[in-house]
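J.: Shown below is the structure under consideration.
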Amino acid sequence: MLDKSKTVIKFNSEWLEKLSLKDVVFLTSKCTVAKMLEREDFKNRYTNRQSICIHEFLYPLMQGYDSVAIGADIEFGGTDQIFNVLMGRSIQRDYGQDSQLTVFFPILEGIDGKNKMSKSLGNYIGVSDEANDMYVKVMKVPDDLIIKYFTLCTDLHPDKIRKIEKNIENGGNPRNVKMDLAFEITALYHGQDEARKAQEYFETVYQKEEVPEDVEVIEVNMVSDSEGVNLIDAIAKTGNFKSRSDIRRIFTQKGAKINGEMVDDIKKISNLTSGQIVQLGKNRFYKIKIN
């Protein structure tokens, strides 16, 4: 774990934006085209006569220059970044520095089980996710990735992980094992108490299909509501959705319920009362309080 008190975050714009054309030309002189074509994706595209733009060659060079700018002693990267990280070692030597040590980690597939975890693909589990959301997301991980997630995302001892793997191989229920995984990951970022609450939430909402007890209350002003605008505004204020359009989309896609009844047209909502439960998707519940 990083010691926050000793951690300094820098943006490479601090030095890259200051490079002159002379600096960039000097940097490009430190690597040959033949060397660039050793990178797997470049090599494949060149072999298949697919275009490679010059600016694409600049990316590994600029990433390598990052190591020069901060005088890196060690760089961590995914196995998909081996070429770029090793470029840093080479360029450091050209600038008279000692070459950094390198440590590489396996790529972790996201909860879709196909692509590497990525926020842009929406298949990620964020370290800043709320405990309930984190637990629920882990439960979506495909069964064949359970052990990989235990290995890369928890601090369990390898011996214990091997026992878990044998349990699965011997017919253990993957769902139960995945609940242990979800607890471990959630506890790592939120503590065991919050992880237990998240597990109870999951069991209530997803297994028993009940409404959780600690439902968030939203205040709705129905005095002059028009086409459900005030309800949308009240839900938006929770901060759990990117925009009001996202909330409306859940309604139109038949993903919303009020007191268990599906509502697909926000315009038809006219007589909300205090105490009613609004459900958006599978795991967002709100109790209405009328102002």
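By convention here, the chains of the structure tokens are called A, B, ... in the order presented, each chain's residues are numbered starting at 1, and ligands are numbered starting at 1 in the order presented.
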Among the residues of region 135-271 of chain A, find those DSSP assigns to strand (DSSP E) from the backbone and print them as a list in words.
T.: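 Residues meeting the strand (DSSP E) criterion: Glu216, Val217, Ile218, Glu219, Val220, Ala256, Lys257, Ile258, Glu261 and Met262 of chain A.
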J.: I'd like the contact shell of Tyr65 (chain A) - 9 Å cut-off, only C-alpha atoms, skipping same-chain residues fewer than 6 positions apart - returned as a VMD selection string.
T.: chain A and resid 16 27 87 to 88 91 to 92
J.: As a ChimeraX atom specification, which residues of region 69-278 of chain A does DSSP assign to alpha helix (DSSP H)?
T.: /A:69-70,82-94,131-138,146-153,158-169,174-190,192-202,229-236,244-252
J.: Using C-alpha atoms, can you write the selected residues to a file as a tab-separated table (two decimals), in the first residue's frame?
T.:
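Heads up, here's the output in again-v2.tsv:
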```
chain	number	residue	atom	x	y	z
A	69	ALA	CA	11.76	13.70	-16.20
A	70	ILE	CA	11.10	12.29	-12.75
A	82	ILE	CA	6.26	-4.02	-21.44
A	83	PHE	CA	7.59	-2.32	-24.58
A	84	ASN	CA	6.78	1.20	-23.35
A	85	VAL	CA	8.19	0.67	-19.87
A	86	LEU	CA	11.42	-0.86	-21.20
A	87	MET	CA	11.67	2.11	-23.54
A	88	GLY	CA	12.05	4.19	-20.39
A	89	ARG	CA	15.12	2.18	-19.37
A	90	SER	CA	16.70	2.74	-22.78
A	91	ILE	CA	15.99	6.46	-22.93
A	92	GLN	CA	17.25	7.01	-19.38
A	93	ARG	CA	20.65	5.66	-20.45
A	94	ASP	CA	20.66	8.07	-23.42
A	131	ALA	CA	-19.34	-0.63	-0.33
A	132	ASN	CA	-22.69	-1.90	-1.64
A	133	ASP	CA	-21.77	-1.15	-5.25
A	134	MET	CA	-18.34	-2.71	-4.88
A	135	TYR	CA	-19.75	-5.92	-3.42
A	136	VAL	CA	-22.44	-6.18	-6.11
A	137	LYS	CA	-19.92	-5.59	-8.90
A	138	VAL	CA	-17.63	-8.35	-7.63
A	146	ILE	CA	-12.64	-16.00	-9.28
A	147	ILE	CA	-9.15	-17.30	-8.51
A	148	LYS	CA	-7.47	-14.60	-10.60
A	149	TYR	CA	-9.38	-11.94	-8.65
A	150	PHE	CA	-8.42	-13.57	-5.34
A	151	THR	CA	-4.78	-13.54	-6.50
A	152	LEU	CA	-4.60	-10.00	-7.88
A	153	CYS	CA	-7.21	-8.12	-5.84
A	158	PRO	CA	-1.33	-17.96	-1.76
A	159	ASP	CA	-1.78	-21.13	0.31
A	160	LYS	CA	-5.30	-20.08	1.25
A	161	ILE	CA	-6.08	-19.20	-2.37
A	162	ARG	CA	-4.93	-22.67	-3.44
A	163	LYS	CA	-7.35	-24.19	-0.93
A	164	ILE	CA	-10.16	-22.08	-2.37
A	165	GLU	CA	-9.23	-23.24	-5.86
A	166	LYS	CA	-9.31	-26.89	-4.75
A	167	ASN	CA	-12.68	-26.33	-3.14
A	168	ILE	CA	-14.07	-25.14	-6.49
A	169	GLU	CA	-12.44	-28.04	-8.33
A	174	PRO	CA	-18.86	-20.82	-7.04
A	175	ARG	CA	-21.54	-18.41	-5.81
A	176	ASN	CA	-20.56	-18.96	-2.18
A	177	VAL	CA	-16.87	-18.62	-3.04
A	178	LYS	CA	-17.62	-15.42	-4.94
A	179	MET	CA	-19.42	-14.01	-1.92
A	180	ASP	CA	-16.23	-14.60	0.07
A	181	LEU	CA	-14.31	-12.82	-2.69
A	182	ALA	CA	-16.71	-9.87	-2.66
A	183	PHE	CA	-16.37	-9.64	1.13
A	184	GLU	CA	-12.56	-9.70	0.98
A	185	ILE	CA	-12.33	-6.98	-1.68
A	186	THR	CA	-14.96	-4.76	-0.04
A	187	ALA	CA	-13.35	-5.15	3.39
A	188	LEU	CA	-9.98	-4.18	1.92
A	189	TYR	CA	-11.29	-0.73	0.96
A	190	HIS	CA	-14.13	-0.16	3.42
A	192	GLN	CA	-15.07	-5.50	7.69
A	193	ASP	CA	-18.11	-3.81	9.22
A	194	GLU	CA	-19.05	-2.12	5.94
A	195	ALA	CA	-18.32	-5.34	4.07
A	196	ARG	CA	-20.76	-7.24	6.31
A	197	LYS	CA	-23.42	-4.61	5.68
A	198	ALA	CA	-22.78	-4.86	1.93
A	199	GLN	CA	-23.15	-8.62	2.11
A	200	GLU	CA	-26.44	-8.27	3.99
A	201	TYR	CA	-27.58	-5.76	1.39
A	202	PHE	CA	-26.75	-8.18	-1.42
A	229	VAL	CA	-39.55	16.61	-13.25
A	230	ASN	CA	-39.42	16.95	-9.46
A	231	LEU	CA	-39.01	13.20	-8.94
A	232	ILE	CA	-36.13	13.17	-11.43
A	233	ASP	CA	-34.55	16.16	-9.68
A	234	ALA	CA	-34.87	14.49	-6.26
A	235	ILE	CA	-33.19	11.32	-7.52
A	236	ALA	CA	-30.46	13.32	-9.30
A	244	ARG	CA	-31.00	13.38	-15.36
A	245	SER	CA	-31.03	11.83	-18.82
A	246	ASP	CA	-29.59	8.61	-17.37
A	247	ILE	CA	-32.43	8.50	-14.83
A	248	ARG	CA	-35.06	9.07	-17.50
A	249	ARG	CA	-33.49	6.35	-19.63
A	250	ILE	CA	-33.93	3.81	-16.82
A	251	PHE	CA	-37.63	4.59	-16.77
A	252	THR	CA	-38.06	4.36	-20.56
```
J.: Using only C-alpha atoms, which of the listed residues (A:Leu61, A:Gly113, A:Phe104, A:Ser243) sits closest to Lys35 (chain A)?
T.: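 Residue with the minimum atom-to-atom distance to Lys35 (chain A): A:Leu61.
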J.: CA of Asp265 (chain A) and CA of Gln207 (chain A) are how many Å apart?
T.: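 A separation of 27.9 Å between them.
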J.: Using Å and a single decimal, report how far CA of Glu130 (chain A) sits from CA of Asp144 (chain A).
T.: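 Between these atoms lies a distance of 25.1 Å.
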J.: Applying 12 Å and only C-alpha atoms, which residues near Glu40 (chain A) remain after dropping the ones on its own chain fewer than 2 positions away? List them as a list in words.
T.: Lys35, Met36, Leu37, Glu38, Phe42, Lys43, Asn44, Arg45, Tyr46, Thr47, Asp80, Gln81, Ile82, Phe83 and Asn84 of chain A
J.: Could you dump the residues just selected with N, CA, C and O atoms as a PDB file, in the first residue's frame?
T.:
```pdb
ATOM      1  N   LYS A  35      13.470  -0.756 -34.162  1.00  0.00           N
ATOM      2  CA  LYS A  35      13.162  -1.006 -32.756  1.00  0.00           C
ATOM      3  C   LYS A  35      11.671  -0.843 -32.490  1.00  0.00           C
ATOM      4  O   LYS A  35      11.059  -1.653 -31.775  1.00  0.00           O
ATOM      5  N   MET A  36      11.058   0.192 -33.062  1.00  0.00           N
ATOM      6  CA  MET A  36       9.625   0.414 -32.878  1.00  0.00           C
ATOM      7  C   MET A  36       8.813  -0.769 -33.404  1.00  0.00           C
ATOM      8  O   MET A  36       7.804  -1.160 -32.817  1.00  0.00           O
ATOM      9  N   LEU A  37       9.269  -1.340 -34.511  1.00  0.00           N
ATOM     10  CA  LEU A  37       8.520  -2.437 -35.129  1.00  0.00           C
ATOM     11  C   LEU A  37       8.660  -3.744 -34.366  1.00  0.00           C
ATOM     12  O   LEU A  37       8.059  -4.753 -34.730  1.00  0.00           O
ATOM     13  N   GLU A  38       9.449  -3.733 -33.286  1.00  0.00           N
ATOM     14  CA  GLU A  38       9.500  -4.904 -32.410  1.00  0.00           C
ATOM     15  C   GLU A  38       8.266  -4.981 -31.520  1.00  0.00           C
ATOM     16  O   GLU A  38       7.946  -6.041 -30.991  1.00  0.00           O
ATOM     17  N   PHE A  42       2.580  -2.960 -33.514  1.00  0.00           N
ATOM     18  CA  PHE A  42       3.179  -2.321 -34.680  1.00  0.00           C
ATOM     19  C   PHE A  42       3.635  -3.372 -35.691  1.00  0.00           C
ATOM     20  O   PHE A  42       3.428  -3.228 -36.903  1.00  0.00           O
ATOM     21  N   LYS A  43       4.279  -4.417 -35.179  1.00  0.00           N
ATOM     22  CA  LYS A  43       4.789  -5.475 -36.061  1.00  0.00           C
ATOM     23  C   LYS A  43       3.660  -6.142 -36.840  1.00  0.00           C
ATOM     24  O   LYS A  43       3.770  -6.364 -38.055  1.00  0.00           O
ATOM     25  N   ASN A  44       2.554  -6.428 -36.134  1.00  0.00           N
ATOM     26  CA  ASN A  44       1.422  -7.082 -36.798  1.00  0.00           C
ATOM     27  C   ASN A  44       0.804  -6.184 -37.865  1.00  0.00           C
ATOM     28  O   ASN A  44       0.451  -6.644 -38.956  1.00  0.00           O
ATOM     29  N   ARG A  45       0.654  -4.913 -37.537  1.00  0.00           N
ATOM     30  CA  ARG A  45       0.053  -3.992 -38.507  1.00  0.00           C
ATOM     31  C   ARG A  45       0.969  -3.781 -39.717  1.00  0.00           C
ATOM     32  O   ARG A  45       0.498  -3.699 -40.853  1.00  0.00           O
ATOM     33  N   TYR A  46       2.276  -3.725 -39.482  1.00  0.00           N
ATOM     34  CA  TYR A  46       3.221  -3.561 -40.586  1.00  0.00           C
ATOM     35  C   TYR A  46       3.210  -4.798 -41.486  1.00  0.00           C
ATOM     36  O   TYR A  46       3.179  -4.681 -42.716  1.00  0.00           O
ATOM     37  N   THR A  47       3.176  -5.972 -40.862  1.00  0.00           N
ATOM     38  CA  THR A  47       3.146  -7.223 -41.621  1.00  0.00           C
ATOM     39  C   THR A  47       1.881  -7.342 -42.463  1.00  0.00           C
ATOM     40  O   THR A  47       1.907  -7.849 -43.588  1.00  0.00           O
ATOM     41  N   ASP A  80       0.794  -5.462 -20.722  1.00  0.00           N
ATOM     42  CA  ASP A  80       0.528  -4.862 -22.028  1.00  0.00           C
ATOM     43  C   ASP A  80       1.389  -3.628 -22.266  1.00  0.00           C
ATOM     44  O   ASP A  80       1.362  -3.047 -23.351  1.00  0.00           O
ATOM     45  N   GLN A  81       2.167  -3.232 -21.252  1.00  0.00           N
ATOM     46  CA  GLN A  81       3.000  -2.037 -21.352  1.00  0.00           C
ATOM     47  C   GLN A  81       4.493  -2.361 -21.325  1.00  0.00           C
ATOM     48  O   GLN A  81       5.321  -1.466 -21.099  1.00  0.00           O
ATOM     49  N   ILE A  82       4.858  -3.613 -21.556  1.00  0.00           N
ATOM     50  CA  ILE A  82       6.260  -4.018 -21.438  1.00  0.00           C
ATOM     51  C   ILE A  82       7.162  -3.192 -22.365  1.00  0.00           C
ATOM     52  O   ILE A  82       8.201  -2.669 -21.951  1.00  0.00           O
ATOM     53  N   PHE A  83       6.765  -3.058 -23.626  1.00  0.00           N
ATOM     54  CA  PHE A  83       7.587  -2.319 -24.582  1.00  0.00           C
ATOM     55  C   PHE A  83       7.785  -0.879 -24.129  1.00  0.00           C
ATOM     56  O   PHE A  83       8.910  -0.360 -24.133  1.00  0.00           O
ATOM     57  N   ASN A  84       6.693  -0.218 -23.739  1.00  0.00           N
ATOM     58  CA  ASN A  84       6.775   1.196 -23.355  1.00  0.00           C
ATOM     59  C   ASN A  84       7.613   1.400 -22.100  1.00  0.00           C
ATOM     60  O   ASN A  84       8.392   2.362 -21.998  1.00  0.00           O
TER      61      ASN A  84
END
```
J.: I need the residue nearest Glu219 (chain A) from this list: A:Gly64, A:Pro142, A:Gly78, A:Gly275. Use only C-alpha atoms for the distance.
T.: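 Between A:Gly64, A:Pro142, A:Gly78, A:Gly275, the residue approaching Glu219 (chain A) most closely is A:Gly275.
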J.: Go through A:Lys282, A:Asp66, A:Glu216, A:Ile266 one by one, measure the shortest atom-to-atom distance of each to Thr204 (chain A) using only C-alpha atoms, and give the residue with the smallest value.
T.: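 Under the stated criterion, the closest residue is A:Lys282.
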J.: For a test of reading the model, state the distance in Å between CA of Tyr59 (chain A) and CA of Thr28 (chain A), rounded to one decimal.
T.: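 CA of Thr28 (chain A) lies at a distance of 10.8 Å from CA of Tyr59 (chain A).
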J.: May I have the residues within 8 Å of Gly228 (chain A) as a list in words, using only C-alpha atoms and disregarding those fewer than 5 positions away in the same chain?
T.: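 So, after excluding close chain neighbours, the residues are Ile266, Lys267, Lys268, Ile269 and Ser270 of chain A.
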J.: Return the single residue from A:Ile258, A:Ser13, A:Ser99, A:Asn48 that is closest to Asp73 (chain A), with distances computed using only C-alpha atoms.
T.: A:Ser99
